[in-house]
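Chemist: Right, I'll just put the structure down here and ask away after.
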Amino acid sequence: MKNRILAGAIALVSSVTLSGCGYFSGGGGGDRTVTVWLMKDSVSQGFLEKFTESYEKDNPSITLDFKIQEWSGIGPKVLSALESDDAPDVIEVGNTQVAQYAESGGLRDLTLESMRDLGSEDWLPGLAQPGQISGVQYGIPWYAANRVVIYNKDIFKSAGIDDTPKTRAEWIEDTEKLNTQGNQGIYLAGQNWYVLAGFIWDEGGELAEGGGGDWRGTLDTPQALAGMNFYKELQALGDGPMDSDEEKPPQNDVFAEGDVAQIISLPGSAALIEQKNPELKGKLGYFPIPGKTAKAPGSVFTGGSDLIVPKKADQRSAGIAVVKALASEKWQTELARSMSYVPNKPSLAHVVEGEEGTAAMAEGASQGRATPNSAQWAKVEAENPIKPYMTAVLQGGDPAREAKKASERITAMLSGS
């Protein structure tokens, strides 16, 4: 999930990113080496060099050794490292991956550091909650990204819409106005289940509920059904396919054709759209997904990264110190500005003011959530019974019956069946 949600955010990065080098070692001559696994393209070379130089200067006994990992196949690789006697000292993981690594028993409890040193009470819930298992904080929030509405300013203007919507009702009203004169009010593919999740959360529902080995799918609750009903209402105000997701065809390519008023995506998608159609440069705007009332934006799925420390790491204490630095206000500010990410605390959202897309993303992140915190959730996403459920409802199927069927499948998968 993490690599998919951040794919668009990475497009905003103008600096050269880490690629095939495999590692980045600091120039310090410290007597202890802290090994950190980071994921490919998570940070730029410039950020890493700046952090390394500063950290090693302040900590002359430490040399930092960053090893860059590929997302493909990272799960088994991390699990193997946690079991080995040669574990790295710090590992970057997707925020929704923490549960499966915690289940292995190989993670260090960072609850004390979270509360005493890192201001955990102010963390983004979409990063903090998946990092906490049964009351124990294993994952330290590092950075986040989430979807916003990207819109065509010219189409909004021609429809007489001067202000972006702040509520769902306003959003529907505006989108109906935009869905005329050969334009699509919104392009929303029928199987964009991350967007659906936000609507379900806004209604007070969940994708699944439970804990430990006792999880059950809950798409068939009245709240979840209300979320699906709103999705259907919105999706009908455009020509998005009912039987595929936002990648088939790529929604950026559809939006680039110039006759779509809105899509729901990461802000970084705008750069890709402008590359496809340079005539749209300067004509794209952003706003948070509207909520049910104007008091707060709508709920969104938060993708991003947490930092974990293996129990078997040789430099556990030194690794925790590096985590504290990376999660600190100073380096959160630097990371957010250099990489166009959302920092790990809502109180730091002001550091991206002036960056319209990132600022909209940060505003929406205040209502961020994560997928069910089950170690088995990855299995649900791999098969993903939510997608055919959505298609069935959009094509006229009975919502309650289809939701019950999908919920039963989710329950079976979360229980290991």
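Each chain of the structure tokens is named A, B, ... in the order shown, its residues numbered from 1; ligands are numbered from 1 in display order.
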Within 7 Å of region 73-96 of chain A, which residues of region 208-327 of chain A come that close, and what is the closest atom pair and distance in Å for each? Count only C-alpha atoms and give it as JSON lines.
Modeler:
{"residue": "A:Gly303", "atom": "CA", "partner": "A:Asn95", "partner_atom": "CA", "distance": 6.7}
{"residue": "A:Gly304", "atom": "CA", "partner": "A:Asn95", "partner_atom": "CA", "distance": 5.7}
{"residue": "A:Ser305", "atom": "CA", "partner": "A:Gly94", "partner_atom": "CA", "distance": 4.5}
{"residue": "A:Asp306", "atom": "CA", "partner": "A:Asn95", "partner_atom": "CA", "distance": 5.2}
{"residue": "A:Leu307", "atom": "CA", "partner": "A:Glu92", "partner_atom": "CA", "distance": 4.7}
{"residue": "A:Ile308", "atom": "CA", "partner": "A:Ile91", "partner_atom": "CA", "distance": 5.3}
{"residue": "A:Val309", "atom": "CA", "partner": "A:Val90", "partner_atom": "CA", "distance": 4.8}
{"residue": "A:Pro310", "atom": "CA", "partner": "A:Leu82", "partner_atom": "CA", "distance": 5.9}
{"residue": "A:Lys312", "atom": "CA", "partner": "A:Ala87", "partner_atom": "CA", "distance": 6.1}
{"residue": "A:Ala313", "atom": "CA", "partner": "A:Asp89", "partner_atom": "CA", "distance": 4.8}
{"residue": "A:Asp314", "atom": "CA", "partner": "A:Asp89", "partner_atom": "CA", "distance": 6.7}
{"residue": "A:Gln315", "atom": "CA", "partner": "A:Asp89", "partner_atom": "CA", "distance": 5.8}
{"residue": "A:Arg316", "atom": "CA", "partner": "A:Asp89", "partner_atom": "CA", "distance": 6.0}
{"residue": "A:Gly319", "atom": "CA", "partner": "A:Asp89", "partner_atom": "CA", "distance": 5.2}
Chemist: Mind checking DSSP for region 263-366 of chain A and telling me the alpha helix (DSSP H) residues as an NGL selection string?
Modeler: :A and (269-276 or 316-326 or 329-339 or 356-365)
Chemist: Keeping only N, CA, C and O atoms, write the selected residues to a file as a compact mmCIF listing (two decimals), in the first residue's frame.
Modeler:
# COMPACT_ATOMS: atom_id res chain seq x y z
N SER A 269 0.08 13.79 -8.82
CA SER A 269 -0.50 13.43 -10.11
C SER A 269 -0.58 14.63 -11.05
O SER A 269 -0.54 14.48 -12.27
N ALA A 270 -0.70 15.83 -10.49
CA ALA A 270 -0.82 17.03 -11.31
C ALA A 270 0.38 17.20 -12.23
O ALA A 270 0.24 17.57 -13.41
N ALA A 271 1.58 16.92 -11.71
CA ALA A 271 2.79 17.04 -12.53
C ALA A 271 2.77 16.05 -13.68
O ALA A 271 3.17 16.37 -14.81
N LEU A 272 2.27 14.85 -13.43
CA LEU A 272 2.17 13.84 -14.49
C LEU A 272 1.13 14.23 -15.53
O LEU A 272 1.33 14.01 -16.72
N ILE A 273 0.04 14.83 -15.07
CA ILE A 273 -1.01 15.28 -15.99
C ILE A 273 -0.49 16.40 -16.88
O ILE A 273 -0.72 16.41 -18.10
N GLU A 274 0.25 17.32 -16.30
CA GLU A 274 0.80 18.44 -17.08
C GLU A 274 1.85 17.96 -18.08
O GLU A 274 1.97 18.53 -19.16
N GLN A 275 2.58 16.92 -17.73
CA GLN A 275 3.53 16.35 -18.69
C GLN A 275 2.79 15.76 -19.88
O GLN A 275 3.22 15.89 -21.02
N LYS A 276 1.65 15.15 -19.60
CA LYS A 276 0.84 14.53 -20.66
C LYS A 276 0.17 15.59 -21.52
O LYS A 276 0.05 15.44 -22.74
N ARG A 316 20.92 -0.93 19.21
CA ARG A 316 19.53 -0.59 19.47
C ARG A 316 19.38 0.84 20.01
O ARG A 316 18.57 1.62 19.53
N SER A 317 20.15 1.19 21.02
CA SER A 317 20.02 2.53 21.62
C SER A 317 20.40 3.61 20.62
O SER A 317 19.73 4.64 20.51
N ALA A 318 21.49 3.38 19.88
CA ALA A 318 21.91 4.36 18.87
C ALA A 318 20.89 4.44 17.75
O ALA A 318 20.64 5.51 17.20
N GLY A 319 20.28 3.31 17.41
CA GLY A 319 19.24 3.31 16.38
C GLY A 319 18.03 4.11 16.81
O GLY A 319 17.46 4.88 16.02
N ILE A 320 17.64 3.97 18.07
CA ILE A 320 16.51 4.74 18.59
C ILE A 320 16.81 6.23 18.53
O ILE A 320 15.95 7.05 18.20
N ALA A 321 18.06 6.60 18.81
CA ALA A 321 18.45 8.01 18.74
C ALA A 321 18.32 8.55 17.32
O ALA A 321 17.90 9.70 17.11
N VAL A 322 18.66 7.73 16.33
CA VAL A 322 18.51 8.15 14.92
C VAL A 322 17.03 8.31 14.58
O VAL A 322 16.64 9.27 13.91
N VAL A 323 16.21 7.39 15.07
CA VAL A 323 14.76 7.50 14.84
C VAL A 323 14.23 8.79 15.44
O VAL A 323 13.43 9.51 14.81
N LYS A 324 14.65 9.11 16.65
CA LYS A 324 14.20 10.35 17.29
C LYS A 324 14.56 11.57 16.44
O LYS A 324 13.77 12.51 16.31
N ALA A 325 15.76 11.55 15.88
CA ALA A 325 16.18 12.68 15.05
C ALA A 325 15.34 12.78 13.79
O ALA A 325 14.85 13.87 13.44
N LEU A 326 15.13 11.68 13.10
CA LEU A 326 14.36 11.69 11.87
C LEU A 326 12.91 12.11 12.11
O LEU A 326 12.27 12.70 11.23
N GLU A 329 11.04 17.70 14.96
CA GLU A 329 10.47 18.84 14.23
C GLU A 329 11.43 19.37 13.16
O GLU A 329 11.02 19.68 12.04
N LYS A 330 12.70 19.45 13.49
CA LYS A 330 13.68 19.98 12.54
C LYS A 330 13.70 19.17 11.26
O LYS A 330 13.60 19.72 10.15
N TRP A 331 13.82 17.85 11.40
CA TRP A 331 13.97 17.02 10.19
C TRP A 331 12.64 16.67 9.55
O TRP A 331 12.57 16.38 8.36
N GLN A 332 11.53 16.75 10.32
CA GLN A 332 10.22 16.64 9.71
C GLN A 332 9.96 17.83 8.79
O GLN A 332 9.42 17.68 7.69
N THR A 333 10.36 19.01 9.24
CA THR A 333 10.20 20.21 8.42
C THR A 333 11.02 20.10 7.14
O THR A 333 10.54 20.38 6.03
N GLU A 334 12.27 19.68 7.27
CA GLU A 334 13.15 19.53 6.11
C GLU A 334 12.60 18.50 5.14
O GLU A 334 12.58 18.71 3.92
N LEU A 335 12.12 17.38 5.67
CA LEU A 335 11.60 16.30 4.82
C LEU A 335 10.33 16.74 4.09
O LEU A 335 10.18 16.50 2.89
N ALA A 336 9.43 17.38 4.81
CA ALA A 336 8.16 17.82 4.21
C ALA A 336 8.41 18.81 3.08
O ALA A 336 7.79 18.74 2.01
N ARG A 337 9.33 19.75 3.29
CA ARG A 337 9.59 20.77 2.28
C ARG A 337 10.37 20.23 1.09
O ARG A 337 10.12 20.64 -0.05
N SER A 338 11.30 19.32 1.34
CA SER A 338 12.12 18.82 0.24
C SER A 338 11.43 17.73 -0.56
O SER A 338 11.68 17.57 -1.75
N MET A 339 10.53 16.99 0.08
CA MET A 339 9.90 15.85 -0.59
C MET A 339 8.40 16.04 -0.82
O MET A 339 7.74 15.16 -1.36
N GLU A 356 0.37 24.57 -2.73
CA GLU A 356 -1.08 24.36 -2.74
C GLU A 356 -1.47 22.89 -2.61
O GLU A 356 -2.33 22.54 -1.80
N GLY A 357 -0.84 22.03 -3.39
CA GLY A 357 -1.21 20.62 -3.35
C GLY A 357 -0.86 19.96 -2.04
O GLY A 357 -1.67 19.23 -1.45
N THR A 358 0.35 20.23 -1.55
CA THR A 358 0.79 19.62 -0.29
C THR A 358 -0.01 20.16 0.88
O THR A 358 -0.34 19.43 1.82
N ALA A 359 -0.35 21.46 0.84
CA ALA A 359 -1.14 22.06 1.91
C ALA A 359 -2.54 21.42 1.96
O ALA A 359 -3.07 21.15 3.05
N ALA A 360 -3.15 21.18 0.80
CA ALA A 360 -4.46 20.51 0.77
C ALA A 360 -4.35 19.10 1.32
O ALA A 360 -5.23 18.62 2.04
N MET A 361 -3.23 18.43 0.99
CA MET A 361 -3.00 17.07 1.48
C MET A 361 -2.84 17.08 3.00
O MET A 361 -3.39 16.23 3.71
N ALA A 362 -2.09 18.05 3.52
CA ALA A 362 -1.87 18.14 4.96
C ALA A 362 -3.18 18.42 5.70
O ALA A 362 -3.42 17.89 6.79
N GLU A 363 -4.03 19.26 5.10
CA GLU A 363 -5.32 19.55 5.73
C GLU A 363 -6.18 18.28 5.80
O GLU A 363 -6.78 17.98 6.83
N GLY A 364 -6.18 17.53 4.71
CA GLY A 364 -6.94 16.29 4.72
C GLY A 364 -6.37 15.25 5.65
O GLY A 364 -7.11 14.43 6.22
N ALA A 365 -5.05 15.27 5.85
CA ALA A 365 -4.39 14.27 6.70
C ALA A 365 -4.86 14.33 8.14
O ALA A 365 -4.73 13.35 8.88
Chemist: Determine, for each residue of region 175-201 of chain A having at least one atom at most 8 Å from an atom of region 389-402 of chain A, the closest pair of atoms and their separation in Å to one decimal, counting only C-alpha atoms; order by chain and ascending number, as CSV.
Modeler:
residue,atom,partner,partner_atom,distance
A:Gly190,CA,A:Thr391,CA,6.0
A:Gln191,CA,A:Met390,CA,6.0
A:Trp193,CA,A:Met390,CA,7.9
Chemist: Would you export the selected residues with C-alpha atoms as a CSV table (one decimal), in the first residue's frame, please?
Modeler:
chain,number,residue,atom,x,y,z
A,190,GLY,CA,-15.8,2.0,-9.9
A,191,GLN,CA,-13.2,0.1,-7.9
A,193,TRP,CA,-11.7,1.2,-2.7
Chemist: Name all residues at most 10 Å from Gly185 (chain A) (count only C-alpha atoms; drop same-chain ones fewer than 4 positions away) and give them as a PyMOL selection string.
Modeler: chain A and resi 151+155-156+172+174-180+234-239+259-263
Chemist: Mind checking which residues fall within 9 Å of Ser134 (chain A), counting only C-alpha atoms, ignoring those fewer than 3 positions away in the same chain, and posting them as a ChimeraX atom specification?
Modeler: /A:137,211-212
Chemist: List every residue of region 58-218 of chain A that DSSP, applied to the backbone of this structure, places in strand (DSSP E), and write the result as a ChimeraX atom specification.
Modeler: /A:62-69,90-94,132-133,136-137,140-145,148-152,208-211,214-217
Chemist: Could you please determine the separation between CA of Thr111 (chain A) and CA of Lys311 (chain A) in Å, to one decimal place?
Modeler: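 CA of Lys311 (chain A) lies at a distance of 13.9 Å from CA of Thr111 (chain A).
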Chemist: Quick one, how far is CA of Ile186 (chain A) from CA of Gln251 (chain A)?
Modeler: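 The value is 10.6 Å.
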Chemist: How far is it from CA of Pro278 (chain A) to CA of Asp162 (chain A), in Å with one decimal?
Modeler: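 Computing it gives 23.7 Å between the two atoms.
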Chemist: Tell me which protein, DNA and RNA residues are within 8 Å of Ile289 (chain A), counting only C-alpha atoms, leaving out same-chain ones fewer than 6 positions away, and put them as a PyMOL selection string.
Modeler: chain A and resi 147-149+264+297-300+364
Chemist: Could you name the residues that touch Ala375 (chain A) at 8 Å or less, counting only C-alpha atoms, but leaving out those on the same chain fewer than 6 positions away, as a ChimeraX atom specification?
Modeler: /A:97,99-101,103
Chemist: Just checking: using only C-alpha atoms, which residue out of A:Ser104, A:Ser72, A:Ser265, A:Ser120 ends up closest to Asn344 (chain A)?
Modeler: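 Looking only at the distances to Asn344 (chain A), the closest residue turns out to be A:Ser120.
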Chemist: Point out the residue among A:Lys405, A:Lys379, A:Arg168, A:Arg369 with the least atom-to-atom distance to Lys292 (chain A), counting only C-alpha atoms.
Modeler: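 Ranked by minimum distance to Lys292 (chain A), first place goes to A:Arg168.
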Chemist: Would you list the contacts of Leu414 (chain A) as a list in words, taking every protein, DNA or RNA residue within 10 Å and counting only C-alpha atoms, but skipping same-chain residues closer than 6 positions in sequence?
Modeler: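 Surrounding residues, per the criterion: Ala208, Gly210, Gly212, Gly213, Asp214, Trp215, Arg216, Gly217, Pro372, Ser374, Ala375, Gln376, Trp377, Ala378, Lys379, Val380 and Glu408 of chain A.
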Chemist: Put those residues in a file: N, CA, C and O atoms, as a CSV table (one decimal), in the first residue's frame.
Modeler:
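This is the output file selection04.csv:
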chain,number,residue,atom,x,y,z
A,208,ALA,N,-13.4,-3.5,8.5
A,208,ALA,CA,-13.4,-4.7,9.4
A,208,ALA,C,-13.2,-4.2,10.8
A,208,ALA,O,-12.6,-3.2,11.1
A,210,GLY,N,-12.3,-5.8,15.0
A,210,GLY,CA,-11.9,-6.9,15.8
A,210,GLY,C,-10.5,-6.6,16.4
A,210,GLY,O,-10.0,-5.5,16.5
A,212,GLY,N,-6.6,-9.1,17.5
A,212,GLY,CA,-6.0,-10.4,17.6
A,212,GLY,C,-6.4,-11.3,16.5
A,212,GLY,O,-6.3,-10.9,15.3
A,213,GLY,N,-6.9,-12.5,16.7
A,213,GLY,CA,-7.4,-13.4,15.7
A,213,GLY,C,-8.8,-13.4,15.5
A,213,GLY,O,-9.4,-14.2,14.8
A,214,ASP,N,-9.5,-12.4,16.1
A,214,ASP,CA,-11.0,-12.3,16.0
A,214,ASP,C,-11.4,-11.1,15.2
A,214,ASP,O,-12.0,-10.1,15.8
A,215,TRP,N,-11.2,-11.1,13.9
A,215,TRP,CA,-11.6,-10.0,13.1
A,215,TRP,C,-12.8,-10.4,12.2
A,215,TRP,O,-12.9,-11.6,11.9
A,216,ARG,N,-13.6,-9.4,11.8
A,216,ARG,CA,-14.7,-9.7,10.9
A,216,ARG,C,-14.9,-8.6,10.0
A,216,ARG,O,-14.8,-7.4,10.3
A,217,GLY,N,-15.3,-8.9,8.7
A,217,GLY,CA,-15.6,-7.9,7.8
A,217,GLY,C,-16.9,-7.2,8.1
A,217,GLY,O,-17.9,-7.8,8.6
A,372,PRO,N,-7.6,-1.8,8.5
A,372,PRO,CA,-7.6,-2.6,9.7
A,372,PRO,C,-6.3,-3.1,10.1
A,372,PRO,O,-5.5,-3.6,9.3
A,374,SER,N,-4.7,-5.5,11.2
A,374,SER,CA,-4.5,-6.9,11.3
A,374,SER,C,-3.3,-7.4,10.5
A,374,SER,O,-3.1,-6.9,9.4
A,375,ALA,N,-2.6,-8.3,11.0
A,375,ALA,CA,-1.4,-8.9,10.3
A,375,ALA,C,-1.8,-9.6,9.1
A,375,ALA,O,-1.0,-9.8,8.2
A,376,GLN,N,-3.1,-9.9,9.0
A,376,GLN,CA,-3.6,-10.7,7.8
A,376,GLN,C,-4.2,-9.7,6.7
A,376,GLN,O,-4.7,-10.2,5.7
A,377,TRP,N,-4.2,-8.4,7.0
A,377,TRP,CA,-4.9,-7.5,6.0
A,377,TRP,C,-4.3,-7.6,4.7
A,377,TRP,O,-5.0,-7.4,3.6
A,378,ALA,N,-3.0,-7.8,4.6
A,378,ALA,CA,-2.3,-7.9,3.3
A,378,ALA,C,-3.0,-8.9,2.4
A,378,ALA,O,-3.0,-8.8,1.2
A,379,LYS,N,-3.4,-10.0,3.0
A,379,LYS,CA,-4.1,-11.1,2.2
A,379,LYS,C,-5.4,-10.6,1.7
A,379,LYS,O,-5.8,-10.9,0.5
A,380,VAL,N,-6.1,-9.7,2.4
A,380,VAL,CA,-7.4,-9.2,1.9
A,380,VAL,C,-7.1,-8.3,0.7
A,380,VAL,O,-7.8,-8.4,-0.3
A,408,GLU,N,-18.2,-11.6,4.5
A,408,GLU,CA,-17.9,-12.9,4.9
A,408,GLU,C,-16.6,-13.4,4.3
A,408,GLU,O,-15.8,-14.1,5.0
Chemist: Could you tell me which of A:Gly285, A:Gly139, A:Gly126, A:Pro346 comes closest to Leu107 (chain A) if we count only C-alpha atoms?
Modeler: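 Of the candidates, the smallest distance to Leu107 (chain A) is held by A:Gly139.
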